[in-house]
>>> print(open('coords24.txt').read())   # compact mmCIF, C-alpha atoms
# COMPACT_ATOMS: atom_id res chain seq x y z
CA MET J 1 153.59 90.31 125.14
CA ARG J 2 151.09 89.95 127.95
CA LEU J 3 149.73 93.43 127.30
CA ALA J 4 149.30 92.60 123.63
CA LEU J 5 147.60 89.28 124.37
CA TYR J 6 145.35 90.65 127.09
CA GLY J 7 144.45 93.64 124.95
CA GLY J 8 143.51 91.35 122.06
CA ILE J 9 141.44 89.11 124.30
CA LEU J 10 139.61 92.07 125.86
CA PHE J 11 138.88 93.45 122.40
CA LEU J 12 137.45 90.10 121.24
CA PHE J 13 135.28 89.83 124.33
CA GLN J 14 134.00 93.36 124.02
CA ARG J 15 133.38 93.04 120.30
CA TYR J 16 131.89 89.55 120.07
CA PHE J 17 131.08 88.17 123.53
CA SER J 18 129.71 91.08 125.57
CA GLY J 19 126.38 91.07 123.71
CA PRO J 20 125.69 87.35 124.20
CA TYR J 21 126.78 87.50 127.84
CA HIS J 22 124.48 90.42 128.61
CA PHE J 23 121.64 88.80 126.70
CA LEU J 24 122.02 85.51 128.54
CA ALA J 25 122.37 87.31 131.88
CA GLU J 26 118.95 88.84 131.25
CA HIS J 27 117.28 85.48 130.67
CA MET J 28 119.22 83.15 132.98
CA LYS J 29 117.82 83.00 136.50
CA ARG J 30 120.51 80.61 137.70
CA GLY J 31 123.51 78.71 136.38
CA TRP J 32 126.00 81.58 136.25
CA TRP J 33 128.10 79.94 138.96
CA ALA J 34 128.80 77.00 136.62
CA ILE J 35 129.85 79.31 133.78
CA SER J 36 132.01 81.34 136.16
CA LEU J 37 133.82 78.18 137.29
CA ILE J 38 135.21 77.62 133.80
CA PRO J 39 137.71 80.55 133.70
CA PHE J 40 138.45 80.13 137.42
CA LEU J 41 139.41 76.46 137.08
CA PHE J 42 141.48 77.14 133.96
CA PHE J 43 143.31 79.89 135.82
CA CYS J 44 144.07 77.51 138.70
CA MET J 45 145.36 74.87 136.30
CA VAL J 46 147.62 77.33 134.48
CA MET J 47 149.02 78.62 137.77
CA TYR J 48 149.62 75.06 138.95
CA LEU J 49 151.42 74.01 135.75
CA GLY J 50 153.56 77.13 135.59
CA LEU J 51 154.28 78.06 139.21
CA PHE J 52 153.92 74.96 141.43
CA PRO J 53 156.03 74.19 143.34
CA VAL J 54 158.42 76.70 141.72
CA LEU J 55 158.54 78.67 138.49
CA ARG J 56 158.67 76.06 135.74
CA HIS J 57 159.59 76.23 132.08
CA ASP J 58 159.16 72.60 131.13
CA ASN J 59 155.36 72.76 131.04
CA TYR J 60 155.01 75.25 128.21
CA PRO J 61 153.47 72.67 125.81
CA ALA J 62 150.90 71.73 128.47
CA VAL J 63 150.08 75.37 129.16
CA VAL J 64 149.68 76.09 125.43
CA MET J 65 147.46 73.03 125.07
CA LEU J 66 145.39 74.21 128.02
CA TYR J 67 144.87 77.61 126.41
CA MET J 68 143.80 75.91 123.19
CA VAL J 69 141.26 73.85 125.11
CA LEU J 70 140.05 77.03 126.83
CA CYS J 71 139.49 78.69 123.45
CA LEU J 72 137.57 75.61 122.28
CA VAL J 73 135.39 75.72 125.40
CA TYR J 74 134.55 79.37 124.81
CA VAL J 75 133.70 78.66 121.19
CA VAL J 76 131.25 76.02 122.40
CA ILE J 77 129.79 78.49 124.94
CA TYR J 78 129.45 81.07 122.19
CA GLN J 79 127.51 78.60 120.05
CA VAL J 80 125.27 77.78 122.99
CA PHE J 81 124.58 81.49 123.39
CA GLN J 82 123.71 81.78 119.73
CA ASN J 83 121.31 78.85 119.91
CA THR J 84 119.75 80.23 123.10
CA TYR J 85 119.31 83.63 121.49
CA ALA J 86 117.65 82.08 118.43
CA ARG J 87 115.30 80.03 120.62
CA ILE J 88 114.30 82.99 122.80
CA ALA J 89 113.87 85.21 119.74
CA GLN J 90 111.59 82.56 118.24
CA GLU J 91 109.57 82.43 121.48
CA ASN J 92 109.27 86.22 121.46
CA ASN J 93 108.07 86.17 117.86
CA GLY J 94 105.54 83.54 118.87
CA LYS J 95 104.29 85.73 121.72
CA MET J 96 103.76 88.70 119.43
CA LEU J 97 102.04 86.50 116.84
CA SER J 98 99.79 85.08 119.55
CA MET J 99 98.94 88.62 120.64
CA GLN J 100 97.96 89.61 117.11
CA LEU J 101 95.94 86.41 116.64
CA GLU J 102 94.13 87.02 119.93
CA MET J 103 93.16 90.52 118.82
CA GLN J 104 91.88 89.16 115.50
CA LYS J 105 90.03 86.38 117.30
CA GLN J 106 88.25 88.85 119.56
CA SER J 107 87.30 90.98 116.57
CA MET J 108 85.95 87.94 114.69
CA GLU J 109 83.91 86.84 117.71
CA GLN J 110 82.40 90.31 117.99
CA MET J 111 81.58 90.26 114.26
CA LYS J 112 79.95 86.86 114.66
CA LEU J 113 77.75 88.14 117.47
CA LEU J 114 76.91 91.25 115.47
CA ARG J 115 75.85 89.18 112.44
CA HIS J 116 73.71 87.05 114.75
CA ASP J 117 71.94 90.12 116.16
CA TYR J 118 71.73 91.98 112.84
CA ARG J 119 68.40 90.43 111.81
CA HIS J 120 66.83 91.17 115.18
CA TYR J 121 67.97 94.80 115.05
CA ILE J 122 66.47 95.26 111.57
CA GLN J 123 63.17 93.62 112.57
CA ASN J 124 62.85 95.76 115.69
CA ILE J 125 63.74 98.97 113.86
CA GLY J 126 61.24 98.18 111.09
CA GLU J 127 58.50 97.42 113.59
CA LEU J 128 59.14 100.65 115.50
CA LEU J 129 59.06 102.69 112.29
CA ARG J 130 55.75 101.08 111.26
CA GLU J 131 54.33 102.07 114.63
CA GLY J 132 55.67 105.61 114.22
CA ASP J 133 58.05 105.32 117.18
CA THR J 134 60.99 107.14 115.60
CA ALA J 135 62.63 107.79 118.97
CA GLY J 136 62.73 104.06 119.73
CA ALA J 137 64.06 103.34 116.24
CA ARG J 138 66.85 105.89 116.70
CA GLN J 139 67.72 104.25 120.00
CA PHE J 140 68.04 100.84 118.33
CA ILE J 141 70.14 102.36 115.55
CA GLN J 142 72.43 104.00 118.09
CA ARG J 143 72.82 100.70 119.94
CA PHE J 144 73.59 98.95 116.65
CA GLU J 145 76.29 101.55 115.85
CA GLU J 146 77.82 101.01 119.28
CA GLN J 147 78.01 97.28 118.58
CA ILE J 148 79.72 97.99 115.26
CA GLU J 149 82.31 100.17 117.02
CA LEU J 150 83.19 97.25 119.32
CA THR J 151 84.29 95.21 116.29
CA LYS J 152 86.59 97.92 115.04
CA VAL J 153 90.31 97.18 115.41
CA PRO J 154 91.97 100.20 117.09
CA ASP J 155 94.22 102.16 114.78
CA TYR J 156 97.08 103.56 116.85
CA CYS J 157 99.93 103.57 114.30
CA GLU J 158 100.99 102.25 110.90
CA ASN J 159 103.16 99.47 112.30
CA VAL J 160 100.95 96.39 112.56
CA THR J 161 102.92 94.70 115.34
CA LEU J 162 103.08 97.77 117.56
CA ASN J 163 99.44 98.56 116.81
CA ALA J 164 98.45 95.14 118.18
CA LEU J 165 100.66 95.71 121.22
CA PHE J 166 99.09 99.07 122.08
CA ALA J 167 95.61 97.63 121.59
CA CYS J 168 96.43 94.69 123.86
CA TYR J 169 97.36 96.98 126.77
CA LEU J 170 95.45 100.23 126.23
CA GLU J 171 92.04 98.79 125.38
CA PRO J 172 91.75 96.76 128.64
CA ALA J 173 93.13 99.77 130.53
CA GLN J 174 90.33 101.93 129.12
CA ARG J 175 87.71 99.37 130.10
CA SER J 176 89.08 99.31 133.67
CA GLY J 177 88.61 103.08 134.01
CA ILE J 178 92.11 104.30 133.10
CA GLU J 179 92.23 107.36 130.85
CA THR J 180 94.36 106.74 127.76
CA GLU J 181 95.73 109.25 125.27
CA THR J 182 97.85 108.46 122.23
CA HIS J 183 99.70 110.59 119.68
CA LEU J 184 101.74 108.06 117.76
CA GLU J 185 103.85 108.46 114.66
CA LEU J 186 105.37 105.03 114.05
CA PRO J 187 106.09 103.97 110.47
CA GLY J 188 105.87 100.42 109.21
CA GLU J 189 109.66 100.17 108.90
CA LEU J 190 111.66 100.79 112.07
CA PRO J 191 115.43 101.14 112.68
CA VAL J 192 115.29 98.30 115.25
CA ASP J 193 113.86 94.81 115.43
CA VAL J 194 110.13 95.35 115.91
CA VAL J 195 109.72 92.28 118.14
CA GLU J 196 112.47 93.43 120.51
CA LEU J 197 110.97 96.93 120.65
CA SER J 198 107.53 95.43 121.25
CA LEU J 199 108.79 93.41 124.21
CA VAL J 200 110.42 96.51 125.69
CA LEU J 201 107.24 98.56 125.27
CA ALA J 202 105.16 95.69 126.65
CA ASN J 203 107.16 95.78 129.88
CA ILE J 204 106.87 99.57 130.12
CA LEU J 205 103.13 99.59 129.41
CA GLU J 206 102.54 96.75 131.84
CA ASN J 207 104.35 98.71 134.56
CA ALA J 208 102.27 101.79 133.70
CA VAL J 209 99.00 99.87 133.98
CA HIS J 210 100.05 98.31 137.30
CA ALA J 211 101.06 101.73 138.66
CA CYS J 212 97.62 103.11 137.78
CA GLU J 213 95.83 100.13 139.29
CA LYS J 214 97.71 100.59 142.59
CA GLN J 215 96.39 104.14 142.98
CA PRO J 216 93.51 104.91 145.35
CA ALA J 217 90.06 104.49 143.83
CA ALA J 218 89.33 108.24 143.92
CA ALA J 219 92.65 109.21 142.28
CA ARG J 220 92.99 110.09 138.62
CA ARG J 221 94.38 107.21 136.58
CA ALA J 222 95.84 108.03 133.20
CA ILE J 223 98.34 106.75 130.63
CA SER J 224 99.65 108.85 127.75
CA VAL J 225 101.73 107.49 124.86
CA SER J 226 103.28 109.67 122.17
CA SER J 227 106.03 109.34 119.60
CA GLN J 228 107.79 110.95 116.68
CA SER J 229 109.94 109.35 114.00
CA THR J 230 112.10 112.27 112.82
CA PRO J 231 114.93 113.11 113.18
CA ALA J 232 115.11 110.19 115.64
CA LEU J 233 112.58 107.69 116.90
CA VAL J 234 111.33 109.05 120.24
CA LEU J 235 108.67 107.40 122.39
CA GLU J 236 107.28 108.95 125.55
CA ILE J 237 105.06 107.09 128.00
CA THR J 238 103.54 108.95 130.95
CA ASN J 239 101.39 107.48 133.70
CA THR J 240 100.04 108.52 137.06
CA TYR J 241 101.30 106.73 140.16
CA ALA J 242 101.14 106.78 143.93
CA GLY J 243 103.98 106.25 146.40
CA ASN J 244 107.71 106.43 145.79
CA ILE J 245 109.77 105.25 142.81
CA ALA J 246 113.37 104.18 143.31
CA PHE J 247 115.90 104.61 140.50
CA ALA J 248 119.02 102.56 139.86
CA ARG J 249 122.38 104.04 138.92
CA ASN J 250 121.54 103.62 135.23
CA GLY J 251 118.57 105.96 135.67
CA LEU J 252 115.92 103.25 135.22
CA PRO J 253 113.33 102.51 137.91
CA THR J 254 114.12 99.56 140.14
CA THR J 255 112.19 97.45 142.63
CA THR J 256 112.92 94.88 145.31
CA GLU J 257 109.59 93.08 144.91
CA PRO J 258 110.06 89.38 144.11
CA GLY J 259 109.33 88.49 140.50
CA HIS J 260 109.73 92.10 139.31
CA GLY J 261 112.63 94.00 137.77
CA LEU J 262 113.31 91.73 134.79
CA GLY J 263 111.46 94.12 132.48
CA MET J 264 113.89 96.96 133.19
CA ARG J 265 116.81 94.59 132.58
CA ARG J 266 115.30 93.91 129.17
CA VAL J 267 115.11 97.67 128.56
CA GLU J 268 118.75 98.05 129.60
CA THR J 269 119.83 95.28 127.21
CA PHE J 270 117.86 96.91 124.39
CA LEU J 271 119.49 100.29 125.04
CA ARG J 272 122.94 98.76 124.98
CA LYS J 273 122.31 96.78 121.81
CA TYR J 274 120.90 99.66 119.74
CA HIS J 275 122.90 102.49 121.34
CA ALA J 276 119.62 104.04 122.43
CA PHE J 277 118.95 106.42 125.30
CA CYS J 278 116.31 106.32 128.04
CA ASP J 279 115.37 109.13 130.41
CA CYS J 280 113.01 108.70 133.38
CA GLU J 281 111.57 111.14 135.86
CA ALA J 282 108.86 111.07 138.52
CA THR J 283 107.37 114.37 139.68
CA ASP J 284 104.00 115.50 141.01
CA GLY J 285 102.44 112.06 140.73
CA LEU J 286 103.47 111.56 137.09
CA PHE J 287 106.07 109.07 135.90
CA ARG J 288 107.54 109.89 132.48
CA LEU J 289 109.80 107.64 130.40
CA ARG J 290 111.40 108.81 127.16
CA LEU J 291 113.05 106.36 124.79
CA LEU J 292 115.27 107.76 122.02
CA ILE J 293 116.47 105.47 119.24
CA PRO J 294 118.74 106.72 116.43
CA MET J 295 117.16 106.17 113.01
CA SER J 296 120.42 104.52 111.89
CA ALA J 297 120.52 102.18 114.92
CA GLU J 298 122.18 98.85 114.22
CA GLY J 299 122.07 96.14 116.83
CA GLU J 300 125.02 94.03 117.84
CA ARG J 301 124.96 90.76 115.97
CA PHE J 302 125.77 87.46 117.66
>>> encode(input="coords24.txt", output="structure tokens")
Amino acid sequence: MRLALYGGILFLFQRYFSGPYHFLAEHMKRGWWAISLIPFLFFCMVMYLGLFPVLRHDNYPAVVMLYMVLCLVYVVIYQVFQNTYARIAQENNGKMLSMQLEMQKQSMEQMKLLRHDYRHYIQNIGELLREGDTAGARQFIQRFEEQIELTKVPDYCENVTLNALFACYLEPAQRSGIETETHLELPGELPVDVVELSLVLANILENAVHACEKQPAAARRAISVSSQSTPALVLEITNTYAGNIAFARNGLPTTTEPGHGLGMRRVETFLRKYHAFCDCEATDGLFRLRLLIPMSAEGERF
């Protein structure tokens, strides 16, 4: 009977509770001790009612009632997890929306400046042409074309959300002297939640940019991003680095620096949820991360 009950409980936890627990573990910095006290205290109470001072059979109703209360407590915890997940997911959606709005805002500001300077460019070009200075006119035209290019929204892939993400990280990296190369094949519809994938890629790209920035000034700094969508969704991010990279038992890079490491925990949670696979290697000054997601990936619901 115990084997049957324990087996059923383990199945329920693995099927319905493991996802919320792992998700909350990723976002909770403290408070686990309070949650851990709940099963420990219930265990102590059951042992006290059934075994103290000797084996007792007259407390079965109390023990059954205690188990019912325990189930009720875990239902409440499960609902708290659901509400926490919904709140964090809403915050993540807000972050991605803010990122897209910031990119649009920058583009609009550049267009505003360009419209302001447009009349001056035309006047100067016309004056130079009247004076026969075609070389000076061509120089003004070239400068005007460069200003137009600054207002152009980078086109990395078809997916609007991921396109904004890549622009948010790769464009500043280019301006800071980091070589960037992209070969992306990402459709508008993805087999995973695009916000969750964006947050994972944001952590990876942020780590790549930081690794390049930590290199000596004379060293080559480069980031390469590529992907394919058939037969599975595969993303590969490569960046140069200096120093040593430590890997955890799960194959993901790890660090002991304070305030770091949460990004890889997010990656690990994503892999578990969508049954994805991640492979990392660091050789000859290049760190390479490959993320493989089945096209039929379905996340755990909770």
>>> atom_distance(input="coords24.txt", atom1="CA of Ala242 in chain J", atom2="CA of Leu271 in chain J")
27.1 Å
>>> closest_residue(input="coords24.txt", among="J:Leu292, J:Val225, J:Met264, J:Val46", to="Thr238 in chain J", atoms="all atoms listed in the file")
J:Val225
>>> atom_distance(input="coords24.txt", atom1="CA of Tyr74 in chain J", atom2="CA of Met47 in chain J")
19.4 Å
>>> closest_residue(input="coords24.txt", among="J:Ala34, J:Cys280, J:Ile141, J:Ala208", to="Leu129 in chain J", atoms="all atoms listed in the file")
J:Ile141
>>> atom_distance(input="coords24.txt", atom1="CA of Glu158 in chain J", atom2="CA of Lys273 in chain J")
24.6 Å
>>> closest_residue(input="coords24.txt", among="J:Asn207, J:Ser224, J:Thr161, J:Leu49", to="Thr255 in chain J", atoms="all atoms listed in the file")
J:Asn207
>>> closest_residue(input="coords24.txt", among="J:Leu41, J:Ile178, J:Ala4, J:Val80", to="Ala218 in chain J", atoms="only C-alpha atoms")
J:Ile178
>>> residues_near_point(input="coords24.txt", point="(95.6, 102.1, 139.4)", cutoff="10 Å", atoms="all atoms listed in the file", output="list in words")
Ala173, Ser176, Gly177, Ile178, Ala208, Val209, His210, Ala211, Cys212, Glu213, Lys214, Gln215, Pro216, Ala217, Ala218, Ala219, Arg220, Arg221, Ala222, Asn239, Thr240, Tyr241 and Ala242 of chain J
>>> closest_residue(input="coords24.txt", among="J:His183, J:Arg130, J:Arg2, J:Phe81", to="Ile35 in chain J", atoms="all atoms listed in the file")
J:Phe81
>>> residues_near_point(input="coords24.txt", point="(114.8, 105.8, 117.7)", cutoff="10 Å", atoms="all atoms listed in the file", output="ChimeraX atom specification")
/J:190-192,227-235,274-277,291-297
